Amino acid sequence: MITLVIGGAASGKSEYAERLIMKSAARPRIYLATMEPFGAEGRRRIEKHRAMRAAKDFQTLERYTGLINAEVPAGSAVLLECLGNLCANERYAPNGAGPDRAADAIRNGIFHLAAQCRDLVIVSNEVCSGGRDYAGDTLEYMQLLAFLHRRLAVQADNVCEVVCGLPVYHKGGEPQ
Amino acid sequence: MIFITGPLYSGKRTFAQKLLGCTPEELNRRAVQDVQDLARDCPNLEKLTEELSCREIVIAVETGGGVVPVDPAERAAREAAGRLACLLAERAETVVRVFCGLPTVLKGELP
């Protein structure tokens, strides 16, 4: 089952996504981290999320690009965090797929994961509710992420927006 | 406390006035508005939440839904606003999100 969890900055999306994985009967629990630790703020953010997962029995797998090569245990519960980072990495990183192939690389990678695990929860960042005063690279990044949201939402069983820590389902509902 | 949130100009105040059956002037007295601005540089968001929880209506603009700002201070302010909204929602009896003027109750029920 694929559940897409989208929210703005500090909306409580990570905590909510973790709750979904904790509710899932699938094991083991895999945390697929896509954020490369750049600078002190990046490291602090990663530390915060690590502390949240502490004692929750997660195995962490770090994968910044190329999800198509990621292997997870059959029948596992996978928390992918987050699609926004993955988009940036595939689009801009030297070993990423590049602007033209990023969307396909990410979609194929996600379906490759979904085929292996039992429950996949994908966390993503809402970036298109801040007006349209953007251009160039930033606009292209927004378009890429929004495109993936729409495409993944078609395939996903559940699509959830998190607003101040509370889930709002646009498709399906909270997995039981 | 009823916590009302939603994007900019989504109808939060109009909804609050309707809910209380009051004038804009009365709403200014009974509700605390734009609390996302109070989160910026706030040393203790829990304490701020505690203080705001005593109010009848608390209104916040959703600010975290745009591109992550390049400026570290702007990024931090947005994080703080989001965190404050999560804390307020936890404390509130009722949480309403107003979108295109349409209210959705996310928690509890309307009085």
# chains A, B, ... in the order shown; residues from 1 in each chain; ligands from 1

$ closest_atom_pairs --of "chain B" --to "chain A" --cutoff "10 Å" --atoms "only C-alpha atoms" --output "CSV"
residue,atom,partner,partner_atom,distance
B:Thr5,CA,A:Cys164,CA,8.6
B:Gly6,CA,A:Val163,CA,8.9
B:Pro7,CA,A:Ser129,CA,8.2
B:Leu8,CA,A:Gly130,CA,9.5
B:Glu62,CA,A:Gly8,CA,8.5
B:Thr63,CA,A:Gly130,CA,7.6
B:Gly64,CA,A:Ala9,CA,4.4
B:Gly65,CA,A:Gly8,CA,4.4
B:Gly66,CA,A:Gly130,CA,3.7
B:Val67,CA,A:Val127,CA,4.6
B:Val68,CA,A:Val127,CA,7.2
B:Pro72,CA,A:Glu41,CA,9.0
B:Arg75,CA,A:Ala9,CA,8.8
B:Ala76,CA,A:Ala9,CA,9.8
B:Arg78,CA,A:Ala9,CA,6.8
B:Glu79,CA,A:Ala10,CA,5.3
B:Ala80,CA,A:Ala10,CA,7.6
B:Ala81,CA,A:Ala10,CA,7.8
B:Gly82,CA,A:Ala10,CA,4.5
B:Arg83,CA,A:Ala10,CA,5.5
B:Leu84,CA,A:Cys164,CA,8.5
B:Ala85,CA,A:Cys164,CA,5.3
B:Cys86,CA,A:Cys164,CA,4.3
B:Leu87,CA,A:Cys164,CA,7.9
B:Leu88,CA,A:Cys164,CA,8.2
B:Ala89,CA,A:Cys164,CA,6.3
B:Glu90,CA,A:Gly165,CA,8.0
B:Val95,CA,A:Leu166,CA,9.1
B:Arg97,CA,A:Val163,CA,8.3
B:Thr104,CA,A:Val168,CA,9.5
B:Leu106,CA,A:Leu166,CA,6.7
B:Lys107,CA,A:Leu166,CA,7.8

$ write_last_selection --atoms "N, CA and C atoms" --output "CSV table (one decimal), in the first residue's frame"
chain,number,residue,atom,x,y,z
B,5,THR,N,-6.9,28.2,11.2
B,5,THR,CA,-5.8,28.4,10.3
B,5,THR,C,-6.2,28.3,8.9
B,6,GLY,N,-5.3,28.6,8.0
B,6,GLY,CA,-5.6,28.5,6.5
B,6,GLY,C,-4.6,29.5,5.8
B,7,PRO,N,-4.6,29.4,4.5
B,7,PRO,CA,-3.7,30.3,3.7
B,7,PRO,C,-4.1,31.8,3.9
B,8,LEU,N,-3.3,32.7,3.4
B,8,LEU,CA,-3.5,34.1,3.4
B,8,LEU,C,-4.8,34.4,2.7
B,62,GLU,N,-1.2,30.1,7.5
B,62,GLU,CA,-0.3,29.0,7.1
B,62,GLU,C,0.8,29.6,6.3
B,63,THR,N,2.1,29.5,6.7
B,63,THR,CA,3.2,30.1,6.0
B,63,THR,C,4.1,29.1,5.4
B,64,GLY,N,4.0,27.8,5.7
B,64,GLY,CA,5.0,26.8,5.4
B,64,GLY,C,4.8,26.2,4.0
B,65,GLY,N,3.9,26.6,3.2
B,65,GLY,CA,3.6,25.9,2.0
B,65,GLY,C,4.2,26.4,0.7
B,66,GLY,N,5.2,27.3,0.9
B,66,GLY,CA,5.9,27.8,-0.3
B,66,GLY,C,7.3,27.2,-0.4
B,67,VAL,N,8.1,27.7,-1.3
B,67,VAL,CA,9.5,27.2,-1.5
B,67,VAL,C,10.3,27.5,-0.2
B,68,VAL,N,11.1,26.6,0.2
B,68,VAL,CA,11.9,26.8,1.4
B,68,VAL,C,12.8,28.0,1.1
B,72,PRO,N,18.5,32.0,6.0
B,72,PRO,CA,18.3,31.1,7.2
B,72,PRO,C,17.3,31.7,8.2
B,75,ARG,N,13.9,31.0,7.0
B,75,ARG,CA,13.6,29.5,7.2
B,75,ARG,C,13.3,29.2,8.6
B,76,ALA,N,14.0,29.8,9.5
B,76,ALA,CA,13.8,29.5,10.9
B,76,ALA,C,12.4,30.1,11.4
B,78,ARG,N,9.8,30.5,9.6
B,78,ARG,CA,8.7,29.6,9.0
B,78,ARG,C,8.6,28.3,9.8
B,79,GLU,N,9.7,27.8,10.2
B,79,GLU,CA,9.8,26.6,11.0
B,79,GLU,C,9.0,26.8,12.3
B,80,ALA,N,9.4,28.0,13.0
B,80,ALA,CA,8.8,28.3,14.2
B,80,ALA,C,7.3,28.5,14.1
B,81,ALA,N,6.8,29.1,13.0
B,81,ALA,CA,5.4,29.3,12.8
B,81,ALA,C,4.7,28.0,12.7
B,82,GLY,N,5.3,27.1,11.9
B,82,GLY,CA,4.7,25.8,11.8
B,82,GLY,C,4.6,25.0,13.1
B,83,ARG,N,5.7,25.1,13.8
B,83,ARG,CA,5.8,24.4,15.1
B,83,ARG,C,4.7,24.9,16.1
B,84,LEU,N,4.6,26.3,16.1
B,84,LEU,CA,3.6,26.9,17.0
B,84,LEU,C,2.2,26.4,16.6
B,85,ALA,N,1.9,26.3,15.3
B,85,ALA,CA,0.6,25.9,14.8
B,85,ALA,C,0.3,24.4,15.3
B,86,CYS,N,1.3,23.6,15.2
B,86,CYS,CA,1.2,22.2,15.7
B,86,CYS,C,0.9,22.2,17.2
B,87,LEU,N,1.6,23.0,18.0
B,87,LEU,CA,1.4,23.0,19.4
B,87,LEU,C,0.0,23.6,19.7
B,88,LEU,N,-0.4,24.6,19.0
B,88,LEU,CA,-1.7,25.2,19.3
B,88,LEU,C,-2.8,24.2,18.9
B,89,ALA,N,-2.6,23.5,17.8
B,89,ALA,CA,-3.6,22.5,17.4
B,89,ALA,C,-3.8,21.4,18.5
B,90,GLU,N,-2.6,21.0,19.1
B,90,GLU,CA,-2.6,20.0,20.1
B,90,GLU,C,-3.5,20.5,21.3
B,95,VAL,N,-10.1,22.7,16.0
B,95,VAL,CA,-9.2,23.2,15.0
B,95,VAL,C,-10.0,23.3,13.7
B,97,ARG,N,-9.8,24.6,9.6
B,97,ARG,CA,-9.0,25.2,8.6
B,97,ARG,C,-9.9,25.8,7.5
B,104,THR,N,-13.2,23.7,7.3
B,104,THR,CA,-13.2,22.2,7.6
B,104,THR,C,-12.8,22.1,9.0
B,106,LEU,N,-11.0,20.2,11.6
B,106,LEU,CA,-10.0,19.1,11.6
B,106,LEU,C,-9.9,18.4,13.0
B,107,LYS,N,-10.5,19.1,14.0
B,107,LYS,CA,-10.4,18.5,15.4
B,107,LYS,C,-11.6,19.0,16.2

$ residues_around --residues "segment 50-64 of chain A" --least-positions-apart "2" --cutoff "12 Å" --atoms "only C-alpha atoms" --output "PyMOL selection string"
chain A and resi 12+14-19+21-23+26-37+43-48+66-73+76-97+106+109

$ write_last_selection --atoms "C-alpha atoms" --output "tab-separated table (two decimals), in the first residue's frame"
chain	number	residue	atom	x	y	z
A	12	GLY	CA	3.99	17.76	11.56
A	14	SER	CA	7.17	13.54	9.58
A	15	GLU	CA	5.60	12.71	12.95
A	16	TYR	CA	2.37	11.73	11.25
A	17	ALA	CA	4.14	9.56	8.64
A	18	GLU	CA	6.02	7.81	11.43
A	19	ARG	CA	2.76	7.11	13.20
A	21	ILE	CA	4.56	3.19	9.87
A	22	MET	CA	4.27	2.34	13.59
A	23	LYS	CA	0.64	1.29	12.97
A	26	ALA	CA	4.78	-4.93	8.25
A	27	ARG	CA	8.34	-5.59	9.41
A	28	PRO	CA	11.10	-4.65	9.43
A	29	ARG	CA	10.67	-0.88	9.53
A	30	ILE	CA	12.99	0.85	7.11
A	31	TYR	CA	13.71	4.56	7.17
A	32	LEU	CA	14.92	5.62	3.75
A	33	ALA	CA	16.69	8.92	4.22
A	34	THR	CA	17.23	11.08	1.13
A	35	MET	CA	18.70	14.18	2.73
A	36	GLU	CA	22.41	14.73	2.36
A	37	PRO	CA	23.71	16.34	5.54
A	43	ARG	CA	22.92	18.02	10.55
A	44	ARG	CA	20.62	19.44	13.27
A	45	ARG	CA	17.58	18.54	11.19
A	46	ILE	CA	18.86	15.00	10.70
A	47	GLU	CA	19.61	14.72	14.42
A	48	LYS	CA	16.06	15.83	15.24
A	66	GLY	CA	19.12	6.22	-7.72
A	67	LEU	CA	16.30	4.55	-5.81
A	68	ILE	CA	16.09	2.09	-8.70
A	69	ASN	CA	19.14	0.40	-7.17
A	70	ALA	CA	17.78	0.37	-3.60
A	71	GLU	CA	16.87	-2.99	-2.12
A	72	VAL	CA	14.60	-3.29	0.90
A	73	PRO	CA	13.45	-6.49	2.64
A	76	SER	CA	8.82	-4.39	4.98
A	77	ALA	CA	7.32	-1.04	5.98
A	78	VAL	CA	9.28	1.76	4.33
A	79	LEU	CA	9.23	5.42	5.26
A	80	LEU	CA	10.74	7.47	2.44
A	81	GLU	CA	11.72	10.96	3.60
A	82	CYS	CA	11.51	13.06	1.67
A	83	LEU	CA	10.51	13.41	-1.97
A	84	GLY	CA	11.48	17.11	-1.98
A	85	ASN	CA	15.11	16.26	-1.21
A	86	LEU	CA	15.11	13.40	-3.67
A	87	CYS	CA	13.90	15.76	-6.42
A	88	ALA	CA	16.63	18.26	-5.64
A	89	ASN	CA	19.28	15.53	-5.55
A	90	GLU	CA	18.24	13.87	-8.82
A	91	ARG	CA	17.96	17.22	-10.54
A	92	TYR	CA	21.07	18.99	-9.27
A	93	ALA	CA	23.55	16.53	-7.74
A	94	PRO	CA	26.54	15.51	-9.92
A	95	ASN	CA	25.50	11.85	-9.74
A	96	GLY	CA	21.78	12.61	-10.13
A	97	ALA	CA	19.66	11.85	-13.17
A	106	ILE	CA	12.19	9.09	-9.20
A	109	GLY	CA	12.63	4.21	-8.22

$ residues_around --residues "Ser10 of chain B" --least-positions-apart "6" --cutoff "12 Å" --atoms "only C-alpha atoms" --output "list in words"
Ile4, Ala16, Ile59, Ala60, Val61, Glu62, Arg97, Val98, Phe99, Cys100, Gly101, Leu102 and Pro103 of chain B

$ write_last_selection --atoms "N, CA and C atoms" --output "short mmCIF file (atom, residue, chain, number, x, y, z; two decimals), in the first residue's frame"
data_model
loop_
_atom_site.label_atom_id
_atom_site.label_comp_id
_atom_site.auth_asym_id
_atom_site.auth_seq_id
_atom_site.Cartn_x
_atom_site.Cartn_y
_atom_site.Cartn_z
N ILE B 4 -7.97 28.63 14.46
CA ILE B 4 -8.38 28.77 13.06
C ILE B 4 -7.14 29.05 12.21
N ALA B 16 -14.53 33.47 11.57
CA ALA B 16 -14.52 33.67 13.03
C ALA B 16 -15.64 34.62 13.45
N ILE B 59 -5.91 32.78 15.70
CA ILE B 59 -5.89 32.69 14.23
C ILE B 59 -4.45 32.77 13.72
N ALA B 60 -4.09 31.82 12.86
CA ALA B 60 -2.74 31.82 12.27
C ALA B 60 -2.83 31.65 10.77
N VAL B 61 -1.97 32.35 10.05
CA VAL B 61 -1.84 32.15 8.61
C VAL B 61 -0.87 30.99 8.38
N GLU B 62 -1.23 30.09 7.48
CA GLU B 62 -0.30 29.03 7.09
C GLU B 62 0.81 29.64 6.25
N ARG B 97 -9.78 24.65 9.64
CA ARG B 97 -8.98 25.20 8.56
C ARG B 97 -9.93 25.80 7.53
N VAL B 98 -9.66 27.04 7.17
CA VAL B 98 -10.52 27.71 6.20
C VAL B 98 -9.78 27.77 4.87
N PHE B 99 -10.44 27.30 3.84
CA PHE B 99 -9.85 27.19 2.51
C PHE B 99 -10.85 27.74 1.52
N CYS B 100 -10.51 28.75 0.74
CA CYS B 100 -11.47 29.41 -0.18
C CYS B 100 -12.75 29.78 0.55
N GLY B 101 -12.65 30.21 1.76
CA GLY B 101 -13.82 30.61 2.52
C GLY B 101 -14.61 29.45 3.13
N LEU B 102 -14.17 28.22 2.83
CA LEU B 102 -14.90 27.05 3.31
C LEU B 102 -14.21 26.46 4.54
N PRO B 103 -14.93 26.38 5.66
CA PRO B 103 -14.31 25.83 6.86
C PRO B 103 -14.36 24.30 6.90
#

$ select_by_dssp --residues "chain A" --states "strand (DSSP E)" --output "PyMOL selection string"
chain A and resi 2-7+29-33+58-62+77-81+119-125+158-163+166-171

$ select_by_dssp --residues "segment 35-110 of chain A" --states "alpha helix (DSSP H)" --output "ChimeraX atom specification"
/A:39-53,83-92,102-110

$ atom_distance --atom1 "atom CA of Gly11 of chain B" --atom2 "atom CA of Val35 of chain B"
16.0 Å

$ atom_distance --atom1 "atom CA of Gly75 of chain A" --atom2 "atom CA of Tyr169 of chain A"
24.8 Å
